[in-house]
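Enquirer: I'd like to ask you about the structure that follows.
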Amino acid sequence: MSIFDEIKKKLSHEFIDIVEWLDTSNDTIVHRFERYQNEIKNNAKLIVREGQTAVFINEGQLADVFKPGTYTLNTQNLPILTTLKGWKYGFDSPFKAEVYFVNTRLFTDEKWGTKNPFMLSDDRFGLVEIRAFGTYSFRISDPGKFVVDVVGTDGNFTNYEVNEHLKSLIVTRFTDTVGEANLPIELYAANTSELSETCQEVMQPEFNRVGIELERFYIENVSMPEELKKEIFEYSRLDKLDMGKLAQFKAAKAMELAAKNEGGTAGAGMGMGMGFVLAQQMGGLMGQPATQPIGGQAVQQPQAPPPIPAQVSYFYAVNGQQLGPVSFEKLKELFASRTINRDSLIWKQGMENWAALKEIEELKSFLGGNTPPPLPTV
């Protein structure tokens, strides 16, 4: 480029007399008006269209902010910049200032979601993992604060850049709100509207701190593991019938699983003994006496207590080393302290091979998937 071309370029940019921005994209939030050495001609025209705000920055300091309209740039329309520059008697030569056009329209249908499941404590099911996702809408409510605190010197700040910041903020506040709500786990999915409104109220002050207004916040889905869903559906159906029957059903289910998992005669004896107790309890629920007519006479059947279940010992693996044996309660403490987890290998007498904790029926209660049976009545 010759020296004459350089002079021509300098003059064409230095004496620019119209400052405006025509947005040709759908994702630009802040655009810096570029010109040669940031110089603007005195009495230049500033055109700010609907859905825009113009922000003037002087040496990194916020100066004047212009809403939609057409302005003549002089000391009268630039009071703060005039003070910062120290113009006491006006100015005639081009002046330097950075001009940022901020898109103030409503940005809708922005996506958010939890990248990883987070833990919640439920009174009935213990620790459970849930995920959530939804949408939100926002607009820039304080362009000056937003440019200074978020944009900085970025010449073309896009929707993608601000969303990365907002998504992290949303997930953090959503997790805190859900944890403090302390609702039964099945009510989170059934009350997404109320939960959405609560989360929006909690998040709004955080958005305001950087000049953003959270217009809408929606929770579209709160999901949980399939096994927990089945447990909740089963619980809700039986709870509508009778709590006593629910307890008996759970007891029968636990007894059946215990009889299958216990090896040898001890398991068989425990299964038979629990079966006798279950039969007597179910007979009481159905209103039938525990007697059978023999030869026209009712004979009282002797009731023998079931055999005392044998103490089960468990071995577990940590970092490739076999440890144990430990009792059921000790194993539960190890799980609570995260010494072992749902994928840790466990073995007990009667098992052919080592298996993950999550695959052993009586240990699934650690994961919040089972409810223990009631104690046998004397």
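Convention: chains lettered A, B, ... in structure tokens order; per-chain residue numbering from 1; ligands numbered from 1 as shown.
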Residues within 10 Å of A:Arg49, please, as a PyMOL selection string. Count only C-alpha atoms; anything in the same chain fewer than 3 positions from it doesn't count.

Expert: chain A and resi 20-23+46+52-54+67-70+101+103

Enquirer: Please dump the current selection as a PDB file, in the first residue's frame; keep N, CA, C and O atoms.

Expert:
ATOM      1  N   GLU A  20     -23.322   4.100  13.264  1.00  0.00           N
ATOM      2  CA  GLU A  20     -24.500   3.246  13.322  1.00  0.00           C
ATOM      3  C   GLU A  20     -24.084   1.789  13.171  1.00  0.00           C
ATOM      4  O   GLU A  20     -22.952   1.486  12.781  1.00  0.00           O
ATOM      5  N   TRP A  21     -25.008   0.887  13.467  1.00  0.00           N
ATOM      6  CA  TRP A  21     -24.744  -0.553  13.339  1.00  0.00           C
ATOM      7  C   TRP A  21     -25.992  -1.234  12.789  1.00  0.00           C
ATOM      8  O   TRP A  21     -27.077  -1.140  13.367  1.00  0.00           O
ATOM      9  N   LEU A  22     -25.817  -1.909  11.667  1.00  0.00           N
ATOM     10  CA  LEU A  22     -26.887  -2.696  11.065  1.00  0.00           C
ATOM     11  C   LEU A  22     -26.622  -4.162  11.399  1.00  0.00           C
ATOM     12  O   LEU A  22     -25.671  -4.763  10.889  1.00  0.00           O
ATOM     13  N   ASP A  23     -27.453  -4.723  12.253  1.00  0.00           N
ATOM     14  CA  ASP A  23     -27.260  -6.108  12.713  1.00  0.00           C
ATOM     15  C   ASP A  23     -27.715  -7.074  11.632  1.00  0.00           C
ATOM     16  O   ASP A  23     -28.897  -7.134  11.285  1.00  0.00           O
ATOM     17  N   LEU A  46     -25.150  10.052  15.392  1.00  0.00           N
ATOM     18  CA  LEU A  46     -25.245   8.724  16.003  1.00  0.00           C
ATOM     19  C   LEU A  46     -26.670   8.222  15.805  1.00  0.00           C
ATOM     20  O   LEU A  46     -27.629   8.879  16.229  1.00  0.00           O
ATOM     21  N   GLN A  52     -31.635  -1.517  20.225  1.00  0.00           N
ATOM     22  CA  GLN A  52     -30.207  -1.282  20.401  1.00  0.00           C
ATOM     23  C   GLN A  52     -29.983  -0.228  21.491  1.00  0.00           C
ATOM     24  O   GLN A  52     -30.864   0.561  21.811  1.00  0.00           O
ATOM     25  N   THR A  53     -28.776  -0.230  22.015  1.00  0.00           N
ATOM     26  CA  THR A  53     -28.297   0.824  22.903  1.00  0.00           C
ATOM     27  C   THR A  53     -26.828   1.061  22.566  1.00  0.00           C
ATOM     28  O   THR A  53     -26.086   0.095  22.349  1.00  0.00           O
ATOM     29  N   ALA A  54     -26.419   2.326  22.504  1.00  0.00           N
ATOM     30  CA  ALA A  54     -25.024   2.665  22.215  1.00  0.00           C
ATOM     31  C   ALA A  54     -24.329   3.067  23.520  1.00  0.00           C
ATOM     32  O   ALA A  54     -24.842   3.895  24.276  1.00  0.00           O
ATOM     33  N   LYS A  67     -30.030   5.616  24.178  1.00  0.00           N
ATOM     34  CA  LYS A  67     -31.153   4.746  23.822  1.00  0.00           C
ATOM     35  C   LYS A  67     -31.536   4.994  22.359  1.00  0.00           C
ATOM     36  O   LYS A  67     -30.961   5.871  21.708  1.00  0.00           O
ATOM     37  N   PRO A  68     -32.522   4.250  21.806  1.00  0.00           N
ATOM     38  CA  PRO A  68     -32.883   4.429  20.392  1.00  0.00           C
ATOM     39  C   PRO A  68     -33.217   5.878  20.051  1.00  0.00           C
ATOM     40  O   PRO A  68     -33.904   6.585  20.796  1.00  0.00           O
ATOM     41  N   GLY A  69     -32.678   6.323  18.906  1.00  0.00           N
ATOM     42  CA  GLY A  69     -32.896   7.690  18.448  1.00  0.00           C
ATOM     43  C   GLY A  69     -31.717   8.153  17.599  1.00  0.00           C
ATOM     44  O   GLY A  69     -30.756   7.404  17.361  1.00  0.00           O
ATOM     45  N   THR A  70     -31.755   9.421  17.135  1.00  0.00           N
ATOM     46  CA  THR A  70     -30.679  10.020  16.345  1.00  0.00           C
ATOM     47  C   THR A  70     -30.111  11.204  17.134  1.00  0.00           C
ATOM     48  O   THR A  70     -30.866  12.073  17.601  1.00  0.00           O
ATOM     49  N   PHE A 101     -22.296  -1.048  20.414  1.00  0.00           N
ATOM     50  CA  PHE A 101     -23.733  -1.200  20.210  1.00  0.00           C
ATOM     51  C   PHE A 101     -24.180  -2.488  20.891  1.00  0.00           C
ATOM     52  O   PHE A 101     -23.656  -3.579  20.611  1.00  0.00           O
ATOM     53  N   ASN A 103     -27.218  -5.171  21.722  1.00  0.00           N
ATOM     54  CA  ASN A 103     -28.506  -5.682  21.266  1.00  0.00           C
ATOM     55  C   ASN A 103     -29.397  -5.937  22.486  1.00  0.00           C
ATOM     56  O   ASN A 103     -29.100  -6.797  23.308  1.00  0.00           O
TER      57      ASN A 103
END

Enquirer: As number ranges by chain, please: every residue in stretch 37-217 of chain A that a backbone DSSP assignment puts in strand (DSSP E or B).

Expert: A: 39-40, 44-48, 52-58, 61-66, 69-73, 95-96, 98-103, 107-113, 118-122, 126-140, 156-158, 212-217

Enquirer: Could you check the closest approach to A:Pro325 for each of A:Phe118, A:Trp347, A:Phe66, A:Tyr100 and tell me which residue wins, using only C-alpha atoms?

Expert: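 Smallest distance to A:Pro325 is found for A:Trp347.
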
Enquirer: What is the distance, in Å and to one decimal place, between atom CA of A:Arg209 and atom CA of A:Ile130?

Expert: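 Between these atoms lies a distance of 29.4 Å.
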
Enquirer: So which residues touch stretch 57-63 of chain A within 12 Å, counting only C-alpha atoms, skipping near sequence neighbours fewer than 4 positions away, as a compact mmCIF listing (two decimals) with all heavy atoms, in the first residue's frame?

Expert:
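Contents of part.txt, as written:
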# COMPACT_ATOMS: atom_id res chain seq x y z
N ARG A 32 -18.67 -3.75 18.53
CA ARG A 32 -17.87 -2.52 18.68
C ARG A 32 -17.76 -1.83 17.32
O ARG A 32 -17.36 -2.45 16.34
CB ARG A 32 -16.49 -2.84 19.23
CG ARG A 32 -15.63 -1.59 19.48
CD ARG A 32 -14.35 -1.97 20.19
NE ARG A 32 -13.57 -2.90 19.39
CZ ARG A 32 -12.60 -3.69 19.89
NH1 ARG A 32 -12.34 -3.65 21.17
NH2 ARG A 32 -11.95 -4.51 19.11
N PHE A 33 -18.12 -0.55 17.28
CA PHE A 33 -18.05 0.22 16.04
C PHE A 33 -16.58 0.53 15.73
O PHE A 33 -15.90 1.22 16.50
CB PHE A 33 -18.84 1.53 16.19
CG PHE A 33 -18.89 2.35 14.93
CD1 PHE A 33 -19.76 2.01 13.91
CD2 PHE A 33 -18.08 3.46 14.79
CE1 PHE A 33 -19.81 2.78 12.75
CE2 PHE A 33 -18.12 4.23 13.63
CZ PHE A 33 -18.99 3.88 12.61
N ASN A 38 -10.11 4.93 16.49
CA ASN A 38 -11.25 5.26 17.35
C ASN A 38 -11.65 6.73 17.29
O ASN A 38 -12.22 7.28 18.23
CB ASN A 38 -10.97 4.88 18.82
CG ASN A 38 -10.86 3.39 19.00
OD1 ASN A 38 -11.41 2.63 18.22
ND2 ASN A 38 -10.16 2.99 20.05
N GLU A 39 -11.36 7.42 16.18
CA GLU A 39 -11.64 8.84 16.09
C GLU A 39 -13.02 9.09 15.48
O GLU A 39 -13.40 8.46 14.50
CB GLU A 39 -10.57 9.55 15.25
CG GLU A 39 -9.20 9.57 15.94
CD GLU A 39 -8.18 10.35 15.14
OE1 GLU A 39 -8.47 10.64 13.96
OE2 GLU A 39 -7.12 10.67 15.69
N ASN A 77 -24.47 16.58 23.99
CA ASN A 77 -25.00 15.21 24.05
C ASN A 77 -24.02 14.22 24.66
O ASN A 77 -24.35 13.04 24.80
CB ASN A 77 -25.38 14.74 22.64
CG ASN A 77 -26.69 15.35 22.16
OD1 ASN A 77 -27.56 15.64 22.97
ND2 ASN A 77 -26.78 15.57 20.86
N LEU A 78 -22.82 14.68 24.97
CA LEU A 78 -21.83 13.81 25.59
C LEU A 78 -21.37 14.43 26.92
O LEU A 78 -20.18 14.74 27.09
CB LEU A 78 -20.63 13.60 24.66
CG LEU A 78 -20.91 12.84 23.36
CD1 LEU A 78 -19.75 12.98 22.40
CD2 LEU A 78 -21.18 11.37 23.65
N PRO A 79 -22.26 14.62 27.87
CA PRO A 79 -21.87 15.31 29.12
C PRO A 79 -20.81 14.58 29.93
O PRO A 79 -19.89 15.19 30.45
CB PRO A 79 -23.20 15.40 29.88
CG PRO A 79 -24.04 14.29 29.34
CD PRO A 79 -23.66 14.18 27.89
N ILE A 80 -20.96 13.25 30.05
CA ILE A 80 -19.99 12.51 30.87
C ILE A 80 -18.65 12.45 30.15
O ILE A 80 -17.59 12.65 30.77
CB ILE A 80 -20.52 11.09 31.16
CG1 ILE A 80 -21.84 11.18 31.94
CG2 ILE A 80 -19.50 10.29 31.95
CD1 ILE A 80 -22.47 9.83 32.23
N LEU A 81 -18.67 12.17 28.84
CA LEU A 81 -17.42 12.12 28.09
C LEU A 81 -16.74 13.48 28.09
O LEU A 81 -15.52 13.58 28.16
CB LEU A 81 -17.70 11.65 26.66
CG LEU A 81 -16.47 11.41 25.77
CD1 LEU A 81 -15.61 10.29 26.35
CD2 LEU A 81 -16.88 11.06 24.35
N THR A 82 -17.54 14.54 28.02
CA THR A 82 -16.97 15.90 28.07
C THR A 82 -16.24 16.13 29.38
O THR A 82 -15.15 16.70 29.42
CB THR A 82 -18.10 16.94 27.90
OG1 THR A 82 -18.72 16.74 26.63
CG2 THR A 82 -17.54 18.35 27.98
N THR A 83 -16.85 15.65 30.48
CA THR A 83 -16.21 15.80 31.79
C THR A 83 -14.92 15.00 31.87
O THR A 83 -13.90 15.46 32.38
CB THR A 83 -17.18 15.36 32.89
OG1 THR A 83 -18.37 16.15 32.82
CG2 THR A 83 -16.54 15.53 34.26
N LEU A 84 -14.97 13.75 31.35
CA LEU A 84 -13.78 12.91 31.40
C LEU A 84 -12.65 13.48 30.54
O LEU A 84 -11.47 13.38 30.91
CB LEU A 84 -14.13 11.48 30.94
CG LEU A 84 -15.11 10.70 31.82
CD1 LEU A 84 -15.45 9.36 31.17
CD2 LEU A 84 -14.52 10.47 33.20
N LYS A 85 -13.00 14.05 29.40
CA LYS A 85 -11.99 14.60 28.49
C LYS A 85 -11.49 15.97 28.97
O LYS A 85 -10.41 16.41 28.58
CB LYS A 85 -12.58 14.75 27.08
CG LYS A 85 -12.83 13.43 26.36
CD LYS A 85 -11.53 12.78 25.95
CE LYS A 85 -11.77 11.57 25.06
NZ LYS A 85 -10.51 10.91 24.65
N PHE A 95 -12.54 13.32 18.03
CA PHE A 95 -12.21 12.85 19.37
C PHE A 95 -12.21 11.32 19.38
O PHE A 95 -12.81 10.66 18.52
CB PHE A 95 -13.21 13.39 20.39
CG PHE A 95 -14.62 12.91 20.18
CD1 PHE A 95 -15.10 11.79 20.84
CD2 PHE A 95 -15.47 13.58 19.31
CE1 PHE A 95 -16.40 11.34 20.66
CE2 PHE A 95 -16.77 13.14 19.12
CZ PHE A 95 -17.23 12.01 19.79
N LYS A 96 -11.54 10.75 20.36
CA LYS A 96 -11.41 9.30 20.48
C LYS A 96 -12.35 8.78 21.57
O LYS A 96 -12.41 9.34 22.66
CB LYS A 96 -9.98 8.90 20.81
CG LYS A 96 -9.00 9.12 19.68
CD LYS A 96 -7.62 8.59 20.06
CE LYS A 96 -6.64 8.76 18.90
NZ LYS A 96 -5.30 8.20 19.25
N ALA A 97 -13.04 7.71 21.23
CA ALA A 97 -13.89 7.00 22.20
C ALA A 97 -14.30 5.68 21.56
O ALA A 97 -14.46 5.59 20.34
CB ALA A 97 -15.12 7.81 22.58
N GLU A 98 -14.44 4.67 22.40
CA GLU A 98 -14.93 3.39 21.91
C GLU A 98 -16.45 3.35 22.00
O GLU A 98 -17.02 3.72 23.02
CB GLU A 98 -14.35 2.24 22.75
CG GLU A 98 -12.84 2.12 22.67
CD GLU A 98 -12.32 0.97 23.54
OE1 GLU A 98 -13.04 -0.04 23.66
OE2 GLU A 98 -11.23 1.12 24.10
N VAL A 99 -17.07 2.93 20.90
CA VAL A 99 -18.54 2.87 20.85
C VAL A 99 -18.96 1.41 20.71
O VAL A 99 -18.56 0.73 19.76
CB VAL A 99 -19.09 3.70 19.68
CG1 VAL A 99 -20.63 3.67 19.69
CG2 VAL A 99 -18.60 5.13 19.76
N TYR A 100 -19.79 0.96 21.66
CA TYR A 100 -20.31 -0.41 21.63
C TYR A 100 -21.82 -0.36 21.43
O TYR A 100 -22.53 0.31 22.20
CB TYR A 100 -19.99 -1.15 22.93
CG TYR A 100 -18.53 -1.46 23.14
CD1 TYR A 100 -17.69 -0.52 23.73
CD2 TYR A 100 -17.99 -2.67 22.75
CE1 TYR A 100 -16.34 -0.79 23.93
CE2 TYR A 100 -16.65 -2.96 22.94
CZ TYR A 100 -15.83 -2.02 23.53
OH TYR A 100 -14.50 -2.30 23.72
N PHE A 101 -22.30 -1.05 20.41
CA PHE A 101 -23.73 -1.20 20.21
C PHE A 101 -24.18 -2.49 20.89
O PHE A 101 -23.66 -3.58 20.61
CB PHE A 101 -24.08 -1.24 18.72
CG PHE A 101 -24.03 0.10 18.06
CD1 PHE A 101 -22.86 0.54 17.45
CD2 PHE A 101 -25.14 0.92 18.04
CE1 PHE A 101 -22.80 1.78 16.83
CE2 PHE A 101 -25.09 2.15 17.43
CZ PHE A 101 -23.93 2.59 16.83
N PRO A 143 -27.12 -2.02 29.73
CA PRO A 143 -26.04 -2.18 28.75
C PRO A 143 -24.68 -1.72 29.25
O PRO A 143 -23.66 -2.34 28.97
CB PRO A 143 -26.52 -1.34 27.55
CG PRO A 143 -28.01 -1.28 27.71
CD PRO A 143 -28.25 -1.25 29.18
N GLY A 144 -24.64 -0.61 29.99
CA GLY A 144 -23.35 -0.10 30.47
C GLY A 144 -22.68 -1.09 31.40
O GLY A 144 -21.49 -1.40 31.26
N LYS A 145 -23.43 -1.60 32.39
CA LYS A 145 -22.88 -2.57 33.32
C LYS A 145 -22.45 -3.85 32.60
O LYS A 145 -21.41 -4.43 32.89
CB LYS A 145 -23.91 -2.89 34.40
CG LYS A 145 -23.45 -3.92 35.43
CD LYS A 145 -24.55 -4.25 36.41
CE LYS A 145 -24.82 -3.10 37.35
NZ LYS A 145 -23.67 -2.89 38.26
N PHE A 146 -23.26 -4.26 31.63
CA PHE A 146 -22.96 -5.50 30.90
C PHE A 146 -21.66 -5.37 30.11
O PHE A 146 -20.83 -6.27 30.10
CB PHE A 146 -24.12 -5.84 29.96
CG PHE A 146 -23.93 -7.10 29.19
CD1 PHE A 146 -24.08 -8.34 29.81
CD2 PHE A 146 -23.60 -7.08 27.85
CE1 PHE A 146 -23.90 -9.52 29.10
CE2 PHE A 146 -23.42 -8.24 27.13
CZ PHE A 146 -23.57 -9.47 27.75
N VAL A 147 -21.47 -4.24 29.45
CA VAL A 147 -20.26 -4.03 28.66
C VAL A 147 -19.03 -3.99 29.56
O VAL A 147 -18.00 -4.61 29.27
CB VAL A 147 -20.36 -2.73 27.83
CG1 VAL A 147 -19.02 -2.38 27.20
CG2 VAL A 147 -21.41 -2.89 26.74
N VAL A 148 -19.13 -3.29 30.68
CA VAL A 148 -17.98 -3.15 31.58
C VAL A 148 -17.65 -4.46 32.29
O VAL A 148 -16.49 -4.88 32.36
CB VAL A 148 -18.24 -2.03 32.61
CG1 VAL A 148 -17.14 -1.99 33.65
CG2 VAL A 148 -18.35 -0.68 31.91
N ASP A 149 -18.68 -5.15 32.81
CA ASP A 149 -18.45 -6.32 33.66
C ASP A 149 -18.30 -7.63 32.88
O ASP A 149 -17.64 -8.55 33.37
CB ASP A 149 -19.60 -6.48 34.67
CG ASP A 149 -19.64 -5.35 35.67
OD1 ASP A 149 -18.65 -4.61 35.75
OD2 ASP A 149 -20.68 -5.19 36.36
N VAL A 151 -18.44 -7.96 28.86
CA VAL A 151 -17.87 -7.91 27.51
C VAL A 151 -16.40 -7.51 27.52
O VAL A 151 -15.56 -8.12 26.86
CB VAL A 151 -18.68 -6.93 26.63
CG1 VAL A 151 -18.07 -6.85 25.23
CG2 VAL A 151 -20.13 -7.38 26.55
N GLY A 152 -16.06 -6.47 28.29
CA GLY A 152 -14.67 -6.00 28.29
C GLY A 152 -14.31 -5.37 26.96
O GLY A 152 -14.98 -4.47 26.47
N THR A 153 -13.24 -5.87 26.34
CA THR A 153 -12.77 -5.32 25.07
C THR A 153 -13.13 -6.20 23.89
O THR A 153 -12.59 -6.03 22.79
CB THR A 153 -11.24 -5.12 25.12
OG1 THR A 153 -10.62 -6.40 25.38
CG2 THR A 153 -10.86 -4.15 26.21

Enquirer: Pick out the residues sitting within 10 Å of A:Gly134, and hand them over as a PyMOL selection string; count only C-alpha atoms, and ignore anything fewer than 6 positions along from it in its own chain.

Expert: chain A and resi 109-114+196+217-222

Enquirer: Keeping only N, CA and C atoms, take the residues you just selected and write them out as a PDB file, in the first residue's frame.

Expert:
ATOM      1  N   ASP A 109     -35.720 -19.104  23.870  1.00  0.00           N
ATOM      2  CA  ASP A 109     -35.471 -20.524  23.622  1.00  0.00           C
ATOM      3  C   ASP A 109     -33.996 -20.891  23.787  1.00  0.00           C
ATOM      4  N   GLU A 110     -33.358 -20.332  24.805  1.00  0.00           N
ATOM      5  CA  GLU A 110     -31.983 -20.709  25.127  1.00  0.00           C
ATOM      6  C   GLU A 110     -32.008 -21.994  25.971  1.00  0.00           C
ATOM      7  N   LYS A 111     -31.128 -22.920  25.671  1.00  0.00           N
ATOM      8  CA  LYS A 111     -31.146 -24.234  26.321  1.00  0.00           C
ATOM      9  C   LYS A 111     -30.244 -24.255  27.555  1.00  0.00           C
ATOM     10  N   TRP A 112     -30.677 -25.015  28.565  1.00  0.00           N
ATOM     11  CA  TRP A 112     -29.836 -25.288  29.724  1.00  0.00           C
ATOM     12  C   TRP A 112     -30.074 -26.729  30.153  1.00  0.00           C
ATOM     13  N   GLY A 113     -29.139 -27.298  30.891  1.00  0.00           N
ATOM     14  CA  GLY A 113     -29.291 -28.666  31.381  1.00  0.00           C
ATOM     15  C   GLY A 113     -28.124 -29.046  32.278  1.00  0.00           C
ATOM     16  N   THR A 114     -28.347 -30.035  33.114  1.00  0.00           N
ATOM     17  CA  THR A 114     -27.297 -30.530  34.000  1.00  0.00           C
ATOM     18  C   THR A 114     -26.420 -31.502  33.214  1.00  0.00           C
ATOM     19  N   SER A 196     -40.169 -23.872  38.559  1.00  0.00           N
ATOM     20  CA  SER A 196     -39.577 -22.929  37.598  1.00  0.00           C
ATOM     21  C   SER A 196     -39.681 -21.502  38.105  1.00  0.00           C
ATOM     22  N   PHE A 217     -37.978 -18.613  32.772  1.00  0.00           N
ATOM     23  CA  PHE A 217     -37.172 -19.793  33.078  1.00  0.00           C
ATOM     24  C   PHE A 217     -38.115 -20.988  33.151  1.00  0.00           C
ATOM     25  N   TYR A 218     -37.816 -22.022  32.368  1.00  0.00           N
ATOM     26  CA  TYR A 218     -38.685 -23.194  32.300  1.00  0.00           C
ATOM     27  C   TYR A 218     -37.884 -24.461  32.593  1.00  0.00           C
ATOM     28  N   ILE A 219     -38.481 -25.329  33.407  1.00  0.00           N
ATOM     29  CA  ILE A 219     -37.959 -26.681  33.610  1.00  0.00           C
ATOM     30  C   ILE A 219     -38.842 -27.610  32.782  1.00  0.00           C
ATOM     31  N   GLU A 220     -38.283 -28.222  31.764  1.00  0.00           N
ATOM     32  CA  GLU A 220     -39.075 -29.077  30.889  1.00  0.00           C
ATOM     33  C   GLU A 220     -39.145 -30.510  31.394  1.00  0.00           C
ATOM     34  N   ASN A 221     -38.093 -30.957  32.084  1.00  0.00           N
ATOM     35  CA  ASN A 221     -38.097 -32.349  32.532  1.00  0.00           C
ATOM     36  C   ASN A 221     -37.150 -32.526  33.706  1.00  0.00           C
ATOM     37  N   VAL A 222     -37.592 -33.314  34.678  1.00  0.00           N
ATOM     38  CA  VAL A 222     -36.745 -33.771  35.774  1.00  0.00           C
ATOM     39  C   VAL A 222     -36.761 -35.285  35.732  1.00  0.00           C
TER      40      VAL A 222
END

Enquirer: Excluding same-chain residues fewer than 4 positions from A:Asp122, what lies within 9 Å of it counting only C-alpha atoms, as JSON, numbers by chain?

Expert: {"A": [126, 127, 128, 182, 183, 184, 185, 368]}

Enquirer: Once you have the residues from the selection above, write them out as an mmCIF file, in the first residue's frame, restricted to N, CA and C atoms.

Expert:
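Saved file again.cif follows:
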data_model
loop_
_atom_site.group_PDB
_atom_site.id
_atom_site.type_symbol
_atom_site.label_atom_id
_atom_site.label_comp_id
_atom_site.auth_asym_id
_atom_site.auth_seq_id
_atom_site.Cartn_x
_atom_site.Cartn_y
_atom_site.Cartn_z
ATOM 1 N N GLY A 126 -33.674 -42.710 50.124
ATOM 2 C CA GLY A 126 -32.267 -42.425 50.376
ATOM 3 C C GLY A 126 -31.688 -41.464 49.353
ATOM 4 N N LEU A 127 -30.413 -41.631 49.028
ATOM 5 C CA LEU A 127 -29.742 -40.779 48.045
ATOM 6 C C LEU A 127 -30.128 -41.213 46.636
ATOM 7 N N VAL A 128 -30.584 -40.270 45.843
ATOM 8 C CA VAL A 128 -30.999 -40.563 44.474
ATOM 9 C C VAL A 128 -30.326 -39.578 43.526
ATOM 10 N N ASN A 182 -36.590 -29.709 49.494
ATOM 11 C CA ASN A 182 -36.844 -30.885 50.337
ATOM 12 C C ASN A 182 -38.224 -31.493 50.066
ATOM 13 N N LEU A 183 -38.579 -31.629 48.795
ATOM 14 C CA LEU A 183 -39.841 -32.250 48.395
ATOM 15 C C LEU A 183 -39.659 -33.747 48.229
ATOM 16 N N PRO A 184 -40.738 -34.530 48.338
ATOM 17 C CA PRO A 184 -40.653 -35.946 47.949
ATOM 18 C C PRO A 184 -40.199 -36.045 46.501
ATOM 19 N N ILE A 185 -39.381 -37.026 46.207
ATOM 20 C CA ILE A 185 -38.698 -37.080 44.921
ATOM 21 C C ILE A 185 -39.663 -37.079 43.744
ATOM 22 N N GLY A 368 -30.949 -46.512 47.512
ATOM 23 C CA GLY A 368 -32.261 -45.885 47.616
ATOM 24 C C GLY A 368 -33.309 -46.573 46.790
#

Enquirer: Could you give me, as a PyMOL selection string, the residues within 9 Å of A:Glu129, counting only C-alpha atoms and dropping anything in the same chain fewer than 3 positions from it?

Expert: chain A and resi 117-121+223-225

Enquirer: Find the spatial neighbours of A:Arg105, counting only C-alpha atoms, within a cut-off of 8 Å - ignore same-chain residues fewer than 3 positions away - and output them as JSON, numbers by chain.

Expert: {"A": [51, 52, 139, 140]}

Enquirer: Between atom CA of A:Asn163 and atom CA of A:Glu180, what is the distance, to one decimal in Å?

Expert: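 If I compute the distance from atom CA of A:Asn163 to atom CA of A:Glu180, I get 25.4 Å.
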
Enquirer: Could you tell me how far atom CA of A:Phe56 lies from atom CA of A:Ser25, in Å and to one decimal?

Expert: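 Computed distance, atom CA of A:Phe56 to atom CA of A:Ser25, equals 22.2 Å.
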